[in-house]
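Chemist: Quick one: structure below, then a few questions.
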Amino acid sequence: MNPATFAQAIAAAQALGLERLDAQLLLLHVLDQPAHARAWLLAHDTDALAEDAAQRFQSLCLRRAAGEPLAYIVGSKEFFGLTFRVDARVLVPRPDTETLVNWTLELLQAPGMPAQPDILDLGTGSGAIALAIAHSLRETGHQGHVTAVDVSADSLDVARSNATRLTLDVNFIESHWLEKVSGYFHVIASNPPYIASADPHLEALAHEPLGALASGPDGLDDIRQIARQAPGSLHPGGWLLLEHGYDQAEAVRKLLLREGFLQVQSRRDLAGIERCSGGLWPGEQRIRTGNQTAG
Ligand code: GLN
């Protein structure tokens, strides 16, 4: 039997195991209301839910109960104050990743950065990092060129359509990390796959693309590749910033130091976890000079 009122529909969804917030967001979606209209929903607690809306709501609730991310079901996700269209071709943008965007924006304002810096987002997925940076540059009246790379043509389709919707100018390249990227950048930011391939957490992420999540036995295969390739694409004094797992900060700092990065450091996410590590690339010149013996 279908629930009669909005309140009963929410209660029925909770009985299926949904969180109240998710149930409310799905009901708003079915009713063509914006996600911020939860107060409206409460004020309409006793409104009758039409039969077809009730059926659609129930099928969305069943998808959510089966573990599909809410963002895929409603087709969008907020990140850095922007709305991104997402579907199963891309990872859902996480609030943790705002740390990486904030760090990048901070570096772009630091003394020594050119007026028109070149920024690269490696493994862009939905385009969240690249487009958040491009948007912030535009809003603050700054210039700069943002390039976004992904190995997946599917994900580039999603990222390109987000760029179009947000009317942001980003250069997209299909490439496995830096293989097909030419030129030099002032900041390279990346949220690569970093979960160990046998990590039980992957089970809970089964709806998202595995290629965007898992990265070898210790989760660091892609981070190692990026740290090795990045110096070939960084201006002297440019920065490589990497997001990583909650327990990988020390390992990532070590491998950045091993590749010759300086000022290697980590940043915490909103939960206080060291979530990103990065370093400055001094440039080949400096390395060669450093390696010469005195006299
Ligand atoms: N932070 C994501 C998670 O643990 C993983 C993202 C990634 O591997 N880049 O759910």
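Going by the structure tokens order, chains are called A, B, ..., each with residues numbered from 1, while ligands are numbered from 1 in the order shown.
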List as a ChimeraX atom specification the protein and nucleic acid residues near A:Ser233, meaning an atom at most 10 Å away when only C-alpha atoms are counted, but skip any in the same chain fewer than 2 places from it.
Modeler: /A:120,178,181-188,229-231,235-236,238,240,281
Chemist: What does the list of residues within 6 Å of ligand 1 look like if you count only C-alpha atoms and all ligand atoms, written as number ranges by chain?
Modeler: A: 191-195, 213
Chemist: Restrict the selected residues to N, CA and C atoms and save them as a CSV table (one decimal), in the first residue's frame.
Modeler:
chain,number,residue,atom,x,y,z
A,191,ASN,N,43.5,14.2,-7.1
A,191,ASN,CA,42.8,13.3,-6.2
A,191,ASN,C,42.8,12.0,-6.9
A,192,PRO,N,43.9,11.2,-6.8
A,192,PRO,CA,44.0,10.0,-7.6
A,192,PRO,C,43.3,8.8,-6.8
A,193,PRO,N,43.2,7.7,-7.5
A,193,PRO,CA,42.7,6.5,-6.7
A,193,PRO,C,43.8,6.2,-5.6
A,194,TYR,N,43.3,5.9,-4.4
A,194,TYR,CA,44.4,5.7,-3.3
A,194,TYR,C,44.0,4.6,-2.3
A,195,ILE,N,42.9,3.8,-2.6
A,195,ILE,CA,42.5,2.8,-1.7
A,195,ILE,C,43.2,1.5,-2.1
A,213,LEU,N,39.1,4.5,-7.6
A,213,LEU,CA,39.2,4.3,-6.2
A,213,LEU,C,40.4,3.5,-5.8
Chemist: So which one's closest to A:Ala206, A:Ala9, A:Leu82, A:Ala88, A:Val149? Using only C-alpha atoms, please.
Modeler: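 When distances to A:Ala206 are compared using only C-alpha atoms, the smallest one comes from A:Ala88.
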Chemist: Residues near stretch 22-25 of chain A, anyone? I mean within 9 Å using only C-alpha atoms, not counting same-chain ones fewer than 5 positions away, as number ranges by chain.
Modeler: A: 9-11, 13-14, 30, 34-38, 41, 57, 61, 64, 70, 74
Chemist: Save out the residues we just selected, all heavy atoms, as a tab-separated table (two decimals), in the first residue's frame.
Modeler:
chain	number	residue	atom	x	y	z
A	9	ALA	N	5.25	8.94	3.87
A	9	ALA	CA	6.21	8.48	2.86
A	9	ALA	C	7.62	8.47	3.45
A	9	ALA	O	8.39	7.52	3.26
A	9	ALA	CB	6.16	9.39	1.63
A	10	ILE	N	7.97	9.54	4.20
A	10	ILE	CA	9.29	9.61	4.83
A	10	ILE	C	9.45	8.47	5.84
A	10	ILE	O	10.49	7.80	5.87
A	10	ILE	CB	9.49	10.98	5.55
A	10	ILE	CG1	9.45	12.14	4.54
A	10	ILE	CG2	10.77	11.00	6.37
A	10	ILE	CD1	10.65	12.25	3.64
A	11	ALA	N	8.40	8.24	6.62
A	11	ALA	CA	8.46	7.16	7.62
A	11	ALA	C	8.65	5.81	6.94
A	11	ALA	O	9.42	4.97	7.40
A	11	ALA	CB	7.20	7.17	8.47
A	13	ALA	N	10.12	5.26	4.09
A	13	ALA	CA	11.50	5.19	3.59
A	13	ALA	C	12.45	4.85	4.73
A	13	ALA	O	13.38	4.04	4.56
A	13	ALA	CB	11.88	6.52	2.96
A	14	GLN	N	12.22	5.44	5.90
A	14	GLN	CA	13.07	5.14	7.04
A	14	GLN	C	12.93	3.67	7.45
A	14	GLN	O	13.91	3.05	7.85
A	14	GLN	CB	12.74	6.06	8.22
A	14	GLN	CG	13.24	7.48	7.98
A	14	GLN	CD	12.95	8.40	9.17
A	14	GLN	OE1	11.83	8.88	9.32
A	14	GLN	NE2	13.94	8.62	10.01
A	30	VAL	N	11.71	14.00	-6.12
A	30	VAL	CA	10.51	13.50	-6.80
A	30	VAL	C	9.48	14.62	-7.00
A	30	VAL	O	8.78	14.68	-8.01
A	30	VAL	CB	9.90	12.33	-5.98
A	30	VAL	CG1	8.46	12.06	-6.39
A	30	VAL	CG2	10.74	11.08	-6.14
A	34	PRO	N	13.82	22.08	-4.82
A	34	PRO	CA	15.27	22.13	-4.60
A	34	PRO	C	15.65	21.47	-3.27
A	34	PRO	O	14.82	21.36	-2.36
A	34	PRO	CB	15.57	23.63	-4.56
A	34	PRO	CG	14.28	24.29	-4.23
A	34	PRO	CD	13.18	23.40	-4.77
A	35	ALA	N	16.92	21.04	-3.16
A	35	ALA	CA	17.39	20.32	-1.98
A	35	ALA	C	17.31	21.17	-0.71
A	35	ALA	O	17.25	20.62	0.39
A	35	ALA	CB	18.83	19.84	-2.20
A	36	HIS	N	17.30	22.50	-0.86
A	36	HIS	CA	17.27	23.34	0.34
A	36	HIS	C	15.84	23.59	0.84
A	36	HIS	O	15.63	24.36	1.77
A	36	HIS	CB	18.00	24.67	0.09
A	36	HIS	CG	17.47	25.43	-1.08
A	36	HIS	ND1	16.26	26.11	-1.03
A	36	HIS	CD2	17.95	25.59	-2.34
A	36	HIS	CE1	16.05	26.66	-2.22
A	36	HIS	NE2	17.04	26.36	-3.03
A	37	ALA	N	14.86	22.91	0.25
A	37	ALA	CA	13.46	23.16	0.60
A	37	ALA	C	12.94	22.21	1.68
A	37	ALA	O	11.74	21.90	1.72
A	37	ALA	CB	12.59	23.09	-0.65
A	38	ARG	N	13.83	21.77	2.59
A	38	ARG	CA	13.36	20.81	3.60
A	38	ARG	C	12.33	21.43	4.54
A	38	ARG	O	11.45	20.73	5.04
A	38	ARG	CB	14.54	20.21	4.36
A	38	ARG	CG	15.22	19.11	3.54
A	38	ARG	CD	16.59	18.76	4.08
A	38	ARG	NE	16.52	18.30	5.44
A	38	ARG	CZ	17.43	18.59	6.37
A	38	ARG	NH1	18.46	19.33	6.08
A	38	ARG	NH2	17.31	18.11	7.59
A	41	LEU	N	9.09	21.05	3.02
A	41	LEU	CA	8.60	19.67	3.13
A	41	LEU	C	7.92	19.46	4.48
A	41	LEU	O	6.84	18.88	4.56
A	41	LEU	CB	9.81	18.73	2.98
A	41	LEU	CG	9.53	17.29	2.60
A	41	LEU	CD1	8.82	17.21	1.27
A	41	LEU	CD2	10.85	16.52	2.52
A	57	PHE	N	8.98	7.66	-5.84
A	57	PHE	CA	9.71	7.81	-4.57
A	57	PHE	C	10.14	6.45	-4.04
A	57	PHE	O	11.29	6.25	-3.65
A	57	PHE	CB	8.83	8.54	-3.55
A	57	PHE	CG	9.46	8.72	-2.21
A	57	PHE	CD1	10.63	9.47	-2.06
A	57	PHE	CD2	8.90	8.15	-1.06
A	57	PHE	CE1	11.23	9.64	-0.81
A	57	PHE	CE2	9.49	8.32	0.19
A	57	PHE	CZ	10.65	9.07	0.31
A	61	CYS	N	13.91	5.11	-3.33
A	61	CYS	CA	14.28	4.67	-1.98
A	61	CYS	C	14.90	3.28	-2.00
A	61	CYS	O	15.85	2.99	-1.27
A	61	CYS	CB	13.07	4.68	-1.04
A	61	CYS	SG	12.58	6.36	-0.59
A	64	ARG	N	18.46	3.60	-3.09
A	64	ARG	CA	19.29	4.13	-1.99
A	64	ARG	C	19.53	3.04	-0.94
A	64	ARG	O	20.64	2.89	-0.45
A	64	ARG	CB	18.62	5.35	-1.36
A	64	ARG	CG	19.43	6.00	-0.25
A	64	ARG	CD	20.66	6.71	-0.80
A	64	ARG	NE	21.60	7.03	0.26
A	64	ARG	CZ	22.78	6.44	0.43
A	64	ARG	NH1	23.18	5.49	-0.41
A	64	ARG	NH2	23.57	6.79	1.41
A	70	LEU	N	23.41	8.71	-3.01
A	70	LEU	CA	22.31	9.66	-3.23
A	70	LEU	C	22.59	10.54	-4.46
A	70	LEU	O	21.69	10.85	-5.24
A	70	LEU	CB	22.14	10.54	-1.98
A	70	LEU	CG	20.94	11.46	-2.05
A	70	LEU	CD1	19.70	10.76	-1.51
A	70	LEU	CD2	21.17	12.76	-1.30
A	74	VAL	N	19.93	11.36	-7.51
A	74	VAL	CA	19.36	12.68	-7.85
A	74	VAL	C	20.13	13.33	-9.00
A	74	VAL	O	19.68	14.33	-9.57
A	74	VAL	CB	19.30	13.64	-6.63
A	74	VAL	CG1	18.45	13.03	-5.52
A	74	VAL	CG2	20.68	13.97	-6.09
Chemist: Near stretch 216-220 of chain A, counting only C-alpha atoms, which residues have an atom at most 9 Å away, once you skip same-chain residues fewer than 4 positions from it, shown as number ranges by chain?
Modeler: A: 193-199, 224-225, 244-245, 248, 251-252
Chemist: Quick one: write out the picked residues with C-alpha atoms as a tab-separated table (two decimals), in the first residue's frame?
Modeler:
chain	number	residue	atom	x	y	z
A	193	PRO	CA	42.72	6.50	-6.68
A	194	TYR	CA	44.36	5.69	-3.34
A	195	ILE	CA	42.52	2.80	-1.71
A	196	ALA	CA	44.40	-0.50	-1.28
A	197	SER	CA	42.95	-3.09	-3.66
A	198	ALA	CA	42.07	-5.48	-0.81
A	199	ASP	CA	40.62	-2.77	1.47
A	224	ARG	CA	53.99	6.94	-6.96
A	225	GLN	CA	53.53	7.32	-10.74
A	244	HIS	CA	45.45	10.53	-0.16
A	245	GLY	CA	43.98	8.12	2.38
A	248	GLN	CA	48.95	7.60	3.98
A	251	ALA	CA	54.21	7.51	3.16
A	252	VAL	CA	53.29	10.20	0.61
Chemist: Write out as an MDAnalysis selection string the set of residues from stretch 38-223 of chain A that DSSP, computed on the backbone, places in strand (DSSP E or B).
Modeler: chainID A and resid 48 76:79 82:85 118:122 145:150 170:174 185:190 195 214
Chemist: Find the spatial neighbours of A:Leu137, counting only C-alpha atoms, within a cut-off of 12 Å - ignore same-chain residues fewer than 4 positions away - and output them as a VMD selection string.
Modeler: chain A and resid 101 to 102 104 to 106 108 to 109 115 to 119 130 to 133 141 to 146 168 to 170
Chemist: Mind writing the picked residues with N, CA and C atoms as a short mmCIF file (atom, residue, chain, number, x, y, z; two decimals), in the first residue's frame?
Modeler:
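Just written: part32.cif:
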data_model
loop_
_atom_site.label_atom_id
_atom_site.label_comp_id
_atom_site.auth_asym_id
_atom_site.auth_seq_id
_atom_site.Cartn_x
_atom_site.Cartn_y
_atom_site.Cartn_z
N VAL A 101 41.48 21.87 -2.96
CA VAL A 101 41.13 23.09 -3.71
C VAL A 101 41.60 24.33 -2.94
N ASN A 102 41.33 24.35 -1.62
CA ASN A 102 41.74 25.51 -0.81
C ASN A 102 43.25 25.69 -0.82
N THR A 104 45.35 24.73 -3.16
CA THR A 104 45.72 25.22 -4.49
C THR A 104 45.47 26.73 -4.60
N LEU A 105 44.30 27.17 -4.15
CA LEU A 105 43.96 28.60 -4.26
C LEU A 105 44.91 29.45 -3.41
N GLU A 106 45.29 28.91 -2.27
CA GLU A 106 46.24 29.61 -1.40
C GLU A 106 47.58 29.79 -2.12
N LEU A 108 48.12 29.84 -5.25
CA LEU A 108 48.00 30.73 -6.41
C LEU A 108 48.09 32.20 -6.00
N GLN A 109 47.82 32.47 -4.71
CA GLN A 109 47.91 33.85 -4.23
C GLN A 109 49.25 34.16 -3.59
N ALA A 115 50.92 36.24 -12.75
CA ALA A 115 49.56 36.77 -12.80
C ALA A 115 48.61 35.80 -13.50
N GLN A 116 49.16 34.98 -14.41
CA GLN A 116 48.33 34.01 -15.12
C GLN A 116 48.90 32.61 -14.97
N PRO A 117 48.74 32.01 -13.80
CA PRO A 117 49.34 30.70 -13.57
C PRO A 117 48.66 29.59 -14.39
N ASP A 118 49.42 28.54 -14.62
CA ASP A 118 48.87 27.34 -15.27
C ASP A 118 48.64 26.28 -14.21
N ILE A 119 47.41 25.76 -14.18
CA ILE A 119 47.01 24.81 -13.14
C ILE A 119 46.54 23.53 -13.82
N ALA A 130 39.06 21.00 -10.95
CA ALA A 130 39.41 21.96 -12.00
C ALA A 130 38.37 23.08 -12.08
N LEU A 131 37.11 22.72 -12.01
CA LEU A 131 36.05 23.72 -12.18
C LEU A 131 35.89 24.59 -10.93
N ALA A 132 36.11 24.01 -9.75
CA ALA A 132 36.07 24.83 -8.52
C ALA A 132 37.19 25.87 -8.58
N ILE A 133 38.36 25.48 -9.07
CA ILE A 133 39.48 26.42 -9.17
C ILE A 133 39.18 27.49 -10.23
N GLY A 141 38.31 37.69 -9.87
CA GLY A 141 38.88 38.55 -10.88
C GLY A 141 40.32 38.20 -11.26
N HIS A 142 40.71 36.94 -11.02
CA HIS A 142 42.07 36.51 -11.37
C HIS A 142 42.08 35.80 -12.71
N GLN A 143 43.25 35.77 -13.31
CA GLN A 143 43.42 35.05 -14.56
C GLN A 143 44.12 33.72 -14.26
N GLY A 144 44.19 32.88 -15.26
CA GLY A 144 44.87 31.60 -15.10
C GLY A 144 44.31 30.63 -16.10
N HIS A 145 45.09 29.60 -16.39
CA HIS A 145 44.63 28.57 -17.31
C HIS A 145 44.51 27.26 -16.56
N VAL A 146 43.33 26.68 -16.62
CA VAL A 146 43.13 25.41 -15.93
C VAL A 146 43.02 24.29 -16.96
N LEU A 168 32.44 27.61 -17.65
CA LEU A 168 33.84 27.79 -17.26
C LEU A 168 34.75 27.23 -18.34
N ASP A 169 35.85 27.92 -18.53
CA ASP A 169 36.77 27.56 -19.59
C ASP A 169 37.91 26.70 -19.04
N VAL A 170 37.86 25.42 -19.33
CA VAL A 170 38.91 24.49 -18.89
C VAL A 170 39.33 23.67 -20.10
#
Chemist: Go ahead and compute the interatomic distance for atom CA of A:His135 and atom CA of A:Gly211, in Å to one decimal.
Modeler: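 Going from atom CA of A:His135 over to atom CA of A:Gly211, I get 27.1 Å.
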Chemist: One decimal, in Å: what's the spacing between atom CA of A:Ile73 and atom CA of A:Ala53?
Modeler: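 One can read the atom CA of A:Ile73 to atom CA of A:Ala53 distance as 15.1 Å.
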Chemist: Taking into account only C-alpha atoms, which residue in the set A:Arg253, A:Arg138, A:Leu91, A:Asp121 is nearest to A:Ala214?
Modeler: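 For A:Ala214, the nearest of the given residues is A:Leu91.
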Chemist: Report, in Å with one decimal, the straight-line distance from atom CA of A:Arg228 to atom CA of A:Glu243.
Modeler: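 Interatomic distance, atom CA of A:Arg228 to atom CA of A:Glu243: 15.7 Å.
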Chemist: Against stretch 272-278 of chain A, which residues of stretch 93-168 of chain A fall within 8 Å? For each one I want the closest pair of atoms and the distance in Å (one decimal), counting only C-alpha atoms, rows by chain and increasing residue number, as JSON lines.
Modeler:
{"residue": "A:Asp96", "atom": "CA", "partner": "A:Arg275", "partner_atom": "CA", "distance": 7.4}
{"residue": "A:Thr99", "atom": "CA", "partner": "A:Cys276", "partner_atom": "CA", "distance": 7.3}
{"residue": "A:Leu100", "atom": "CA", "partner": "A:Cys276", "partner_atom": "CA", "distance": 6.5}
Chemist: Measuring between only C-alpha atoms, which one of A:Asn162, A:Ala65, A:Leu27, A:Val151 shows the shortest distance to A:Phe79?
Modeler: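 Result for the nearest residue to A:Phe79: A:Asn162.
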